[in-house]
>>> print(open('run_30.csv').read())   # CSV, C-alpha atoms
chain,number,residue,atom,x,y,z
M,1,MET,CA,0.0,0.0,0.0
M,2,LEU,CA,2.7,2.5,0.9
M,3,VAL,CA,4.3,2.0,-2.6
M,4,ILE,CA,1.5,4.4,-3.8
M,5,LEU,CA,3.3,7.2,-2.0
M,6,GLU,CA,6.4,6.6,-4.2
M,7,LEU,CA,4.5,7.6,-7.3
M,8,PHE,CA,4.3,11.3,-6.3
M,9,SER,CA,7.2,13.4,-7.6
M,10,PRO,CA,7.6,16.9,-9.1
M,11,PRO,CA,6.7,15.7,-12.7
M,12,ARG,CA,3.4,14.4,-11.4
M,13,MET,CA,2.0,15.4,-8.0
M,14,VAL,CA,-1.7,14.5,-8.6
M,15,TRP,CA,-2.8,11.0,-9.5
M,16,THR,CA,-6.2,9.6,-10.3
M,17,THR,CA,-7.4,6.3,-8.9
M,18,GLU,CA,-7.2,4.7,-12.3
M,19,GLY,CA,-3.7,6.1,-12.9
M,20,ILE,CA,-2.5,4.6,-9.6
M,21,CYS,CA,-4.0,1.2,-10.3
M,22,GLU,CA,-2.5,1.1,-13.8
M,23,ALA,CA,0.9,2.2,-12.7
M,24,LEU,CA,1.1,-0.4,-9.9
M,25,GLY,CA,-0.9,-3.2,-11.4
M,26,TYR,CA,-3.6,-3.1,-8.8
M,27,SER,CA,-7.1,-4.4,-9.4
M,28,ARG,CA,-9.7,-1.6,-8.9
M,29,PRO,CA,-11.0,-3.0,-5.6
M,30,THR,CA,-7.5,-3.2,-4.2
M,31,GLY,CA,-6.6,0.2,-5.5
M,32,TYR,CA,-9.7,1.8,-4.0
M,33,ARG,CA,-9.2,0.1,-0.7
M,34,TYR,CA,-5.5,1.2,-0.4
M,35,ILE,CA,-6.4,4.8,-1.4
M,36,ARG,CA,-9.2,4.9,1.1
M,37,GLN,CA,-6.9,3.7,3.9
M,38,LEU,CA,-4.2,6.2,3.0
M,39,THR,CA,-6.8,9.0,2.8
M,40,GLU,CA,-8.3,8.1,6.2
M,41,ASN,CA,-4.8,8.3,7.7
M,42,GLY,CA,-4.0,11.7,6.2
M,43,LEU,CA,-1.3,10.4,3.8
M,44,LEU,CA,-3.4,11.2,0.7
M,45,VAL,CA,-5.9,14.0,0.2
M,46,ARG,CA,-8.6,14.4,-2.4
M,47,VAL,CA,-7.9,17.1,-5.0
M,48,GLY,CA,-11.3,17.7,-6.5
M,49,PRO,CA,-12.2,15.5,-9.5
M,50,ALA,CA,-8.5,15.4,-10.6
M,51,GLY,CA,-7.5,12.8,-8.1
M,52,TYR,CA,-5.2,12.6,-5.1
M,53,SER,CA,-2.2,14.3,-3.8
M,54,LEU,CA,0.0,13.9,-0.7
M,55,GLY,CA,-1.7,14.6,2.5
M,56,PRO,CA,-1.0,16.7,5.6
M,57,ARG,CA,0.1,13.8,7.7
M,58,ILE,CA,3.4,13.9,5.9
M,59,VAL,CA,4.0,17.4,7.1
M,60,GLU,CA,3.4,16.2,10.6
M,61,TRP,CA,6.0,13.4,10.1
M,62,ASP,CA,8.4,16.0,8.7
M,63,PHE,CA,8.1,18.0,11.9
M,64,LEU,CA,8.7,14.9,14.0
M,65,MET,CA,11.7,13.9,11.9
M,66,ARG,CA,13.3,17.3,12.3
M,67,HIS,CA,13.2,16.8,16.0
M,68,ALA,CA,14.2,13.2,16.1
M,69,ASP,CA,16.8,12.8,13.4
M,70,PRO,CA,20.1,12.2,15.3
M,71,MET,CA,22.3,13.6,12.5
M,72,LEU,CA,20.3,16.8,12.3
M,73,THR,CA,19.9,17.4,16.0
M,74,ALA,CA,23.7,16.8,16.5
M,75,GLY,CA,24.7,18.9,13.5
M,76,LEU,CA,22.4,22.0,13.6
M,77,PRO,CA,24.7,24.3,15.7
M,78,PHE,CA,27.7,23.4,13.5
M,79,LEU,CA,25.8,24.0,10.3
M,80,ARG,CA,24.7,27.4,11.4
M,81,ASN,CA,28.2,28.3,12.4
M,82,LEU,CA,29.6,27.2,9.0
M,83,ALA,CA,27.0,29.3,7.2
M,84,VAL,CA,28.1,32.4,9.2
M,85,GLN,CA,31.8,31.7,8.9
M,86,THR,CA,31.9,30.8,5.1
M,87,GLY,CA,28.9,32.8,3.8
M,88,CYS,CA,28.0,29.7,1.8
M,89,ASP,CA,24.7,27.8,1.8
M,90,ILE,CA,25.4,24.8,4.1
M,91,ASN,CA,23.3,21.7,3.5
M,92,LEU,CA,23.0,18.5,5.5
M,93,VAL,CA,22.5,15.6,3.2
M,94,ALA,CA,21.3,12.1,4.3
M,95,LEU,CA,21.4,8.7,2.7
M,96,TYR,CA,18.7,6.2,2.9
M,97,GLY,CA,18.7,3.2,0.5
M,98,ASP,CA,20.1,4.6,-2.7
M,99,ARG,CA,18.4,8.0,-2.2
M,100,ILE,CA,20.5,11.0,-1.4
M,101,VAL,CA,18.4,13.9,0.1
M,102,THR,CA,19.0,17.3,1.7
M,103,THR,CA,17.4,17.2,5.1
M,104,HIS,CA,18.4,20.8,6.2
M,105,GLN,CA,19.6,24.0,4.7
M,106,GLU,CA,21.3,27.0,6.3
M,107,MET,CA,21.4,30.0,4.1
M,108,GLY,CA,24.6,32.0,3.5
M,109,THR,CA,25.1,35.6,2.5
M,110,GLU,CA,23.7,35.1,-1.0
M,111,ILE,CA,20.4,33.9,-2.2
M,112,LEU,CA,21.0,30.8,-4.3
M,113,PRO,CA,18.0,29.6,-6.3
M,114,LEU,CA,19.1,26.0,-6.2
M,115,SER,CA,16.8,23.5,-7.8
M,116,PHE,CA,17.7,20.6,-5.5
M,117,SER,CA,16.5,22.0,-2.3
M,118,ARG,CA,15.5,20.3,0.9
M,119,GLY,CA,13.5,17.0,0.3
M,120,ARG,CA,14.3,16.6,-3.4
M,121,PRO,CA,16.5,13.5,-4.1
M,122,PHE,CA,19.8,14.1,-5.9
M,123,PRO,CA,20.7,12.1,-9.0
M,124,ILE,CA,22.9,9.3,-7.9
M,125,LEU,CA,25.9,10.4,-10.0
M,126,ARG,CA,25.5,14.2,-10.2
M,127,GLY,CA,26.7,16.8,-7.7
M,128,ALA,CA,29.3,16.8,-5.0
M,129,SER,CA,27.0,15.2,-2.4
M,130,SER,CA,26.4,12.2,-4.6
M,131,ARG,CA,30.0,11.8,-5.5
M,132,ILE,CA,31.3,11.8,-1.9
M,133,ILE,CA,28.6,9.5,-0.7
M,134,ILE,CA,28.9,6.8,-3.4
M,135,ALA,CA,32.7,7.0,-3.2
M,136,ASN,CA,32.4,5.5,0.3
M,137,PHE,CA,30.1,2.7,-0.8
M,138,PRO,CA,31.3,-0.9,-0.6
M,139,ARG,CA,32.5,-2.5,-3.8
M,140,GLY,CA,29.4,-4.6,-4.5
M,141,ARG,CA,27.0,-1.7,-4.0
M,142,LEU,CA,29.2,0.6,-6.2
M,143,LYS,CA,29.3,-2.1,-9.0
M,144,ARG,CA,25.5,-2.2,-9.0
M,145,ILE,CA,25.2,1.6,-9.4
M,146,TYR,CA,27.7,1.5,-12.2
M,147,GLU,CA,25.8,-1.2,-14.1
M,148,GLN,CA,22.6,0.7,-13.7
M,149,ASN,CA,24.1,4.1,-14.8
M,150,GLU,CA,26.9,3.2,-17.2
M,151,SER,CA,26.1,5.6,-20.0
M,152,GLU,CA,25.7,8.6,-17.6
M,153,ALA,CA,28.9,7.7,-15.8
M,154,LEU,CA,30.7,8.0,-19.1
M,155,ALA,CA,29.1,11.3,-19.9
M,156,LEU,CA,30.0,12.8,-16.5
M,157,GLY,CA,33.6,11.8,-16.7
M,158,TYR,CA,33.6,8.9,-14.3
M,159,GLY,CA,35.4,6.7,-16.8
M,160,SER,CA,34.6,4.5,-19.8
M,161,ASN,CA,34.5,1.2,-17.9
M,162,TRP,CA,34.1,-0.3,-14.4
M,163,GLU,CA,37.8,-0.1,-13.5
M,164,GLU,CA,38.0,3.6,-14.4
M,165,PHE,CA,34.8,4.3,-12.6
M,166,LYS,CA,36.1,2.6,-9.4
M,167,SER,CA,39.5,4.3,-9.7
M,168,TYR,CA,37.9,7.7,-10.1
M,169,LEU,CA,35.8,7.3,-6.9
M,170,ALA,CA,38.7,5.8,-5.0
M,171,LYS,CA,40.6,9.1,-5.5
M,172,ILE,CA,37.7,11.1,-4.2
M,173,LYS,CA,37.5,8.8,-1.1
M,174,ARG,CA,41.2,9.2,-0.4
M,175,ALA,CA,40.9,13.0,-0.8
M,176,GLY,CA,38.0,13.1,1.7
M,177,TYR,CA,36.0,15.6,-0.3
M,178,ALA,CA,34.3,16.1,-3.6
M,179,VAL,CA,33.7,19.2,-5.8
M,180,SER,CA,31.2,19.7,-8.6
M,181,ARG,CA,30.6,22.6,-10.9
M,182,GLY,CA,27.4,23.3,-12.8
M,183,GLU,CA,26.2,19.7,-12.7
M,184,LEU,CA,22.9,20.4,-10.9
M,185,ASP,CA,22.4,24.2,-11.6
M,186,ALA,CA,24.4,26.2,-14.1
M,187,GLY,CA,26.7,28.7,-12.5
M,188,TYR,CA,26.7,27.0,-9.1
M,189,ALA,CA,29.1,24.6,-7.4
M,190,GLY,CA,29.3,22.3,-4.4
M,191,VAL,CA,32.0,21.2,-2.0
M,192,ALA,CA,31.1,18.1,0.1
M,193,VAL,CA,32.6,16.1,2.9
M,194,PRO,CA,31.3,12.8,4.3
M,195,ILE,CA,29.6,12.0,7.6
M,196,PHE,CA,30.1,8.5,9.0
M,197,GLY,CA,28.1,6.6,11.5
M,198,PRO,CA,29.2,3.6,13.6
M,199,LYS,CA,31.8,1.3,12.1
M,200,ARG,CA,32.6,4.1,9.5
M,201,VAL,CA,29.5,3.5,7.5
M,202,ILE,CA,28.6,6.4,5.3
M,203,ILE,CA,25.3,8.1,6.4
M,204,GLY,CA,25.4,11.5,4.7
M,205,CYS,CA,27.5,14.5,4.1
M,206,ILE,CA,27.8,18.3,4.5
M,207,VAL,CA,27.8,20.4,1.4
M,208,ALA,CA,28.8,24.0,0.9
M,209,ALA,CA,26.9,25.5,-2.1
M,210,LEU,CA,28.2,28.7,-3.7
M,211,THR,CA,28.6,30.3,-7.2
M,212,THR,CA,31.3,29.0,-9.5
M,213,GLN,CA,32.7,32.5,-9.6
M,214,ARG,CA,33.1,32.5,-5.8
M,215,LEU,CA,34.5,29.0,-5.8
M,216,ALA,CA,37.3,30.2,-8.1
M,217,LEU,CA,38.2,32.9,-5.6
M,218,THR,CA,38.0,30.5,-2.5
M,219,ARG,CA,40.8,28.6,-0.8
M,220,THR,CA,39.2,25.2,-1.3
M,221,ASP,CA,41.6,23.5,1.2
M,222,MET,CA,40.5,26.0,3.9
M,223,LEU,CA,36.8,25.4,3.1
M,224,VAL,CA,37.3,21.6,3.1
M,225,ASN,CA,39.0,21.8,6.5
M,226,MET,CA,36.1,23.7,8.0
M,227,LEU,CA,33.6,21.3,6.6
M,228,GLN,CA,35.6,18.3,7.8
M,229,GLY,CA,35.9,19.7,11.3
M,230,ALA,CA,32.1,20.1,11.5
M,231,ALA,CA,31.6,16.6,10.2
M,232,LYS,CA,33.8,15.1,12.9
M,233,GLU,CA,32.0,17.1,15.6
M,234,ILE,CA,28.7,15.7,14.3
M,235,GLU,CA,30.0,12.1,14.1
M,236,VAL,CA,31.0,12.1,17.8
M,237,ARG,CA,27.6,13.4,18.8
M,238,ILE,CA,25.5,10.9,17.0
M,239,PRO,CA,24.4,8.3,19.6
M,240,ALA,CA,25.3,4.7,18.9
M,241,PRO,CA,22.3,2.5,18.2
M,242,GLN,CA,21.1,0.7,21.3
M,243,VAL,CA,21.2,-3.1,21.1
M,244,PRO,CA,18.4,-4.8,23.0
M,245,PRO,CA,19.5,-7.4,25.6
M,246,VAL,CA,19.2,-11.0,24.6
M,247,PRO,CA,16.3,-12.6,26.6
M,248,ARG,CA,17.2,-15.6,28.8
M,249,ARG,CA,15.8,-18.9,27.8
M,250,ARG,CA,13.0,-20.0,30.2
M,251,ASP,CA,14.5,-23.4,30.8
M,252,THR,CA,17.8,-21.8,31.9
M,253,ALA,CA,16.0,-19.5,34.2
M,254,TYR,CA,14.0,-22.4,35.6
M,255,ARG,CA,17.2,-24.4,36.3
M,256,ASN,CA,18.8,-21.5,38.0
M,257,VAL,CA,15.8,-21.1,40.3
M,258,ALA,CA,15.6,-24.8,41.0
M,259,SER,CA,19.2,-25.1,41.9
>>> encode(input="run_30.csv", output="structure tokens")
Amino acid sequence: MLVILELFSPPRMVWTTEGICEALGYSRPTGYRYIRQLTENGLLVRVGPAGYSLGPRIVEWDFLMRHADPMLTAGLPFLRNLAVQTGCDINLVALYGDRIVTTHQEMGTEILPLSFSRGRPFPILRGASSRIIIANFPRGRLKRIYEQNESEALALGYGSNWEEFKSYLAKIKRAGYAVSRGELDAGYAGVAVPIFGPKRVIIGCIVAALTTQRLALTRTDMLVNMLQGAAKEIEVRIPAPQVPPVPRRRDTAYRNVAS
């Protein structure tokens, strides 16, 4: 049922019942039942005769996420400080599955009309945030991404084959940062550093967004050092996941009592 919510994206934000059933292969009774349940729970809302759009419950979840996301709550003071110190837009980007999404933005001194604002997933190969995140993927996951995006990888300069693609990203991983120019919005650039969770698993990144003109006048090494310092501060403040205790077997507990 929740797969229905995946249909909604900027190219098409309103869906009819018939369109949903056709796109997902549902029978009409199944489609109507799922849509009714989602509507009753506020996840969909009726938009006149045109169909359905995303509902207000999602806004409520967004509010809860912003107060519960450990990376955001740990990083907010450092993101604000970076925006003041650098004058750049500072974005916190999170990874879930193969989706790379900005979860928070701190505005700098300039108004940057960026098209990939908070909540809109980045293309998997475009932009500094995507580069630095996938550069820290394990080999198997990276190979799958390459096989699914081989022609785009070639067009973007990642290399003409798997070995070149892997080598290109290995250099980014060793450098500890990624830079992109004009890949998402003409005239704008990004500088990104990774954020790691427990066991050095990549969970997101910090990105400084600025104009390409300003980047040309910026000491990239100094900017990277500031971003990396903030990323490390966030990492140490992200709480480790709690592992529930293993329950004792009843027969063992019984033997202990009997003895």
>>> closest_atom_pairs(input="run_30.csv", of="stretch 32-107 of chain M", to="stretch 132-154 of chain M", cutoff="12 Å", atoms="all atoms listed in the file", output="CSV")
residue,atom,partner,partner_atom,distance
M:Val93,CA,M:Ile133,CA,9.5
M:Ala94,CA,M:Ile133,CA,9.2
M:Leu95,CA,M:Ile133,CA,8.0
M:Tyr96,CA,M:Ile133,CA,11.0
M:Gly97,CA,M:Arg141,CA,10.6
M:Asp98,CA,M:Ile145,CA,8.9
M:Arg99,CA,M:Ile133,CA,10.4
M:Ile100,CA,M:Ile133,CA,8.3
M:Val101,CA,M:Ile133,CA,11.1
>>> closest_residue(input="run_30.csv", among="M:Pro56, M:Val224, M:Glu235, M:Thr39", to="M:Arg200", atoms="only C-alpha atoms")
M:Glu235
>>> residues_around(input="run_30.csv", residues="M:Leu184", least_positions_apart="4", cutoff="10 Å", atoms="all atoms listed in the file", output="JSON, numbers by chain")
{"M": [114, 115, 116, 122, 123, 126, 127, 128, 180, 188, 189, 190]}
>>> residues_around(input="run_30.csv", residues="M:Arg12", least_positions_apart="6", cutoff="12 Å", atoms="all atoms listed in the file", output="list in words")
Leu5, Glu6, Gly19, Ile20, Ala50, Gly51, Tyr52, Ser53 and Leu54 of chain M
>>> atom_distance(input="run_30.csv", atom1="atom CA of M:Gln213", atom2="atom CA of M:Arg131")
21.3 Å
>>> closest_residue(input="run_30.csv", among="M:Thr30, M:Ser117, M:Thr86, M:Thr218", to="M:Glu18", atoms="only C-alpha atoms")
M:Thr30
>>> residues_around(input="run_30.csv", residues="M:Ser129", least_positions_apart="5", cutoff="7 Å", atoms="all atoms listed in the file", output="ChimeraX atom specification")
/M:192,205,207
>>> atom_distance(input="run_30.csv", atom1="atom CA of M:Leu227", atom2="atom CA of M:Leu210")
13.8 Å
>>> closest_residue(input="run_30.csv", among="M:Cys88, M:Ile234, M:Ile172, M:Val3", to="M:Gly75", atoms="all atoms listed in the file")
M:Ile234
>>> closest_residue(input="run_30.csv", among="M:Asn81, M:Asp89, M:Asn161, M:Val179", to="M:Ile111", atoms="all atoms listed in the file")
M:Asp89
>>> decode(input="run_30.csv", residues="stretch 95-188 of chain M", atoms="C-alpha atoms", output="compact mmCIF listing (two decimals), in the first residue's frame")
# COMPACT_ATOMS: atom_id res chain seq x y z
CA LEU M 95 21.44 8.72 2.69
CA TYR M 96 18.66 6.15 2.85
CA GLY M 97 18.75 3.19 0.51
CA ASP M 98 20.11 4.62 -2.74
CA ARG M 99 18.40 7.99 -2.19
CA ILE M 100 20.49 11.04 -1.36
CA VAL M 101 18.38 13.87 0.05
CA THR M 102 18.99 17.26 1.68
CA THR M 103 17.39 17.25 5.14
CA HIS M 104 18.40 20.75 6.25
CA GLN M 105 19.62 24.01 4.70
CA GLU M 106 21.35 26.96 6.33
CA MET M 107 21.36 30.04 4.13
CA GLY M 108 24.58 31.97 3.53
CA THR M 109 25.07 35.57 2.52
CA GLU M 110 23.73 35.13 -1.03
CA ILE M 111 20.36 33.93 -2.23
CA LEU M 112 21.04 30.83 -4.30
CA PRO M 113 18.04 29.58 -6.33
CA LEU M 114 19.10 25.95 -6.17
CA SER M 115 16.77 23.46 -7.81
CA PHE M 116 17.71 20.58 -5.50
CA SER M 117 16.46 22.04 -2.25
CA ARG M 118 15.46 20.26 0.94
CA GLY M 119 13.54 17.03 0.31
CA ARG M 120 14.31 16.59 -3.40
CA PRO M 121 16.52 13.53 -4.06
CA PHE M 122 19.77 14.11 -5.92
CA PRO M 123 20.66 12.13 -9.05
CA ILE M 124 22.88 9.28 -7.92
CA LEU M 125 25.91 10.44 -9.95
CA ARG M 126 25.46 14.21 -10.17
CA GLY M 127 26.70 16.76 -7.70
CA ALA M 128 29.33 16.83 -4.96
CA SER M 129 27.05 15.21 -2.38
CA SER M 130 26.36 12.17 -4.56
CA ARG M 131 30.03 11.83 -5.47
CA ILE M 132 31.34 11.83 -1.90
CA ILE M 133 28.63 9.47 -0.67
CA ILE M 134 28.92 6.80 -3.36
CA ALA M 135 32.72 7.04 -3.18
CA ASN M 136 32.38 5.51 0.28
CA PHE M 137 30.09 2.67 -0.77
CA PRO M 138 31.33 -0.92 -0.57
CA ARG M 139 32.48 -2.49 -3.84
CA GLY M 140 29.35 -4.58 -4.48
CA ARG M 141 26.98 -1.67 -4.03
CA LEU M 142 29.15 0.56 -6.19
CA LYS M 143 29.27 -2.05 -8.96
CA ARG M 144 25.48 -2.22 -9.03
CA ILE M 145 25.24 1.57 -9.36
CA TYR M 146 27.72 1.52 -12.21
CA GLU M 147 25.84 -1.20 -14.08
CA GLN M 148 22.59 0.74 -13.74
CA ASN M 149 24.11 4.08 -14.85
CA GLU M 150 26.95 3.15 -17.20
CA SER M 151 26.14 5.63 -19.98
CA GLU M 152 25.65 8.55 -17.58
CA ALA M 153 28.91 7.70 -15.78
CA LEU M 154 30.72 8.01 -19.10
CA ALA M 155 29.06 11.33 -19.92
CA LEU M 156 29.96 12.78 -16.51
CA GLY M 157 33.63 11.82 -16.72
CA TYR M 158 33.65 8.93 -14.25
CA GLY M 159 35.36 6.71 -16.79
CA SER M 160 34.61 4.48 -19.76
CA ASN M 161 34.53 1.19 -17.86
CA TRP M 162 34.10 -0.30 -14.39
CA GLU M 163 37.80 -0.13 -13.50
CA GLU M 164 38.03 3.56 -14.42
CA PHE M 165 34.79 4.30 -12.57
CA LYS M 166 36.06 2.56 -9.43
CA SER M 167 39.45 4.29 -9.66
CA TYR M 168 37.85 7.72 -10.09
CA LEU M 169 35.78 7.31 -6.93
CA ALA M 170 38.69 5.82 -4.99
CA LYS M 171 40.60 9.06 -5.55
CA ILE M 172 37.67 11.05 -4.15
CA LYS M 173 37.47 8.75 -1.14
CA ARG M 174 41.18 9.19 -0.42
CA ALA M 175 40.94 12.96 -0.80
CA GLY M 176 38.05 13.07 1.69
CA TYR M 177 35.97 15.57 -0.27
CA ALA M 178 34.26 16.11 -3.63
CA VAL M 179 33.73 19.20 -5.78
CA SER M 180 31.18 19.69 -8.57
CA ARG M 181 30.62 22.63 -10.89
CA GLY M 182 27.39 23.26 -12.75
CA GLU M 183 26.16 19.67 -12.65
CA LEU M 184 22.88 20.45 -10.88
CA ASP M 185 22.44 24.16 -11.60
CA ALA M 186 24.41 26.19 -14.14
CA GLY M 187 26.67 28.72 -12.45
CA TYR M 188 26.67 27.01 -9.06
